[in-house]
2 protein chains.
Amino acid sequence: MSEALTTAPEGRPFDLPLVFKRHVFICAQQRPPMHPRGSCAASGAMPLIERLSAKIQALQDPELAVTVTGCLGFCQAGPVVVVYPEGIWYAPRTVEDIDEICVSHLCEGEPVERLIFVPKV
Amino acid sequence: MSEALTTAPEGRPFDLPLVFKRHVFICAQQRPPMHPRGSCAASGAMPLIERLSAKIQALQDPELAVTVTGCLGFCQAGPVVVVYPEGIWYAPRTVEDIDEICVSHLCEGEPVERLIFVPKV
């Protein structure tokens, strides 16, 4: 049983197993290079997506998952990543940033403060 | 400040604002109709995605978000949806199912038990 279950937000039926201890979402939205909104793919998301997918696969932890998404809504800050259930947003720039998020946050439960991004909605 | 912040899982820095009270992800993965894994799009996800996006837009609640994703990993059960931060998985079949998830879970914080799906990982 995942550690997160005991601290899950109100509204979660507690007899349900928590499927993933941490579920990371990474945006792959593509727009043309000069598009006014920008896009994560145009900002270099693809190598980060490849690295994140490879790292999660290599970890072989069934309580970790990665999902590639369409637009997460904060295109100017891209590439963007969000980790649930904590709801922590990151703006990684390099594959080393991805590695640090995997080791520190996903595996050890310590968010990577220097990479955190606070979206304005 | 969102209600979920006070009950967020351990590991979340508590001086960070919670960006979304609830963030719903819906799979749009497409595979050919006879593909052995199946896919959410081949199982009828597209009208559900349209309905979910329209409902969230109509609610005009900045604390709710919807993101369309690639494969969420449980293709045989598709179309699949997951709501964070609770980490509750649904297998809606109709637009009315989508409406019920929006009203009951996303707005009122009451998960829709009859539509919950427990993935086996």
# chains A, B, ... in the order shown; residues from 1 in each chain; ligands from 1
>>> residues_around(residues="range 102-107 of chain A", least_positions_apart="3", cutoff="12 Å", atoms="only C-alpha atoms", output="PyMOL selection string")
(chain A and resi 20-25+48+51-66+81-90+92+95-99+110-116) or (chain B and resi 10-13)
>>> residues_around(residues="Thr67 in chain B", least_positions_apart="4", cutoff="7 Å", atoms="only C-alpha atoms", output="number ranges by chain")
A: 69-72; B: 24-26
>>> residues_around(residues="Lys120 in chain A", least_positions_apart="3", cutoff="12 Å", atoms="only C-alpha atoms", output="ChimeraX atom specification")
/A:73-77,89,117 /B:16-20,62-63
>>> select_by_dssp(residues="chain B", states="strand (DSSP E)", output="tab-separated table (two decimals) with N, CA, C and O atoms, in the first residue's frame")
chain	number	residue	atom	x	y	z
B	22	ARG	N	-8.82	20.28	-8.72
B	22	ARG	CA	-8.91	18.96	-9.36
B	22	ARG	C	-8.47	19.07	-10.81
B	22	ARG	O	-8.85	20.00	-11.52
B	23	HIS	N	-7.68	18.09	-11.21
B	23	HIS	CA	-7.13	18.06	-12.58
B	23	HIS	C	-7.49	16.70	-13.16
B	23	HIS	O	-7.07	15.66	-12.64
B	24	VAL	N	-8.28	16.71	-14.21
B	24	VAL	CA	-8.76	15.47	-14.80
B	24	VAL	C	-8.02	15.21	-16.11
B	24	VAL	O	-7.84	16.12	-16.93
B	25	PHE	N	-7.59	13.97	-16.27
B	25	PHE	CA	-6.85	13.54	-17.46
B	25	PHE	C	-7.69	12.50	-18.17
B	25	PHE	O	-8.21	11.57	-17.54
B	26	ILE	N	-7.78	12.63	-19.50
B	26	ILE	CA	-8.58	11.69	-20.30
B	26	ILE	C	-7.76	11.24	-21.50
B	26	ILE	O	-7.14	12.05	-22.19
B	27	CYS	N	-7.75	9.94	-21.71
B	27	CYS	CA	-6.90	9.35	-22.75
B	27	CYS	C	-7.51	9.46	-24.15
B	27	CYS	O	-8.69	9.12	-24.33
B	64	LEU	N	-10.31	24.12	-11.74
B	64	LEU	CA	-10.52	22.84	-12.43
B	64	LEU	C	-9.77	22.88	-13.76
B	64	LEU	O	-9.77	23.89	-14.46
B	65	ALA	N	-9.14	21.75	-14.11
B	65	ALA	CA	-8.46	21.66	-15.40
B	65	ALA	C	-8.68	20.28	-16.00
B	65	ALA	O	-8.85	19.29	-15.29
B	66	VAL	N	-8.67	20.24	-17.33
B	66	VAL	CA	-8.74	18.98	-18.06
B	66	VAL	C	-7.57	18.94	-19.04
B	66	VAL	O	-7.24	19.95	-19.66
B	67	THR	N	-6.94	17.78	-19.13
B	67	THR	CA	-5.84	17.58	-20.08
B	67	THR	C	-6.06	16.27	-20.83
B	67	THR	O	-6.35	15.23	-20.22
B	68	VAL	N	-5.95	16.35	-22.14
B	68	VAL	CA	-6.04	15.16	-22.99
B	68	VAL	C	-4.65	14.51	-23.04
B	68	VAL	O	-3.65	15.19	-23.16
B	69	THR	N	-4.62	13.18	-22.93
B	69	THR	CA	-3.33	12.49	-22.83
B	69	THR	C	-3.15	11.44	-23.92
B	69	THR	O	-4.10	11.02	-24.58
B	81	VAL	N	-10.25	7.62	-17.57
B	81	VAL	CA	-10.09	8.97	-17.03
B	81	VAL	C	-9.45	8.82	-15.65
B	81	VAL	O	-9.75	7.85	-14.94
B	82	VAL	N	-8.58	9.76	-15.25
B	82	VAL	CA	-8.09	9.77	-13.87
B	82	VAL	C	-8.18	11.19	-13.33
B	82	VAL	O	-7.89	12.15	-14.05
B	83	VAL	N	-8.63	11.30	-12.09
B	83	VAL	CA	-8.78	12.60	-11.44
B	83	VAL	C	-7.75	12.71	-10.32
B	83	VAL	O	-7.72	11.86	-9.41
B	84	TYR	N	-6.92	13.75	-10.40
B	84	TYR	CA	-5.95	14.05	-9.33
B	84	TYR	C	-6.36	15.33	-8.64
B	84	TYR	O	-7.03	16.14	-9.24
B	88	ILE	N	-8.23	8.98	-8.52
B	88	ILE	CA	-9.38	8.10	-8.73
B	88	ILE	C	-9.57	7.89	-10.23
B	88	ILE	O	-9.62	8.86	-11.00
B	89	TRP	N	-9.67	6.61	-10.61
B	89	TRP	CA	-9.78	6.24	-12.02
B	89	TRP	C	-11.22	5.91	-12.35
B	89	TRP	O	-11.93	5.26	-11.57
B	90	TYR	N	-11.62	6.37	-13.55
B	90	TYR	CA	-12.98	6.10	-14.02
B	90	TYR	C	-12.95	5.46	-15.41
B	90	TYR	O	-12.01	5.69	-16.19
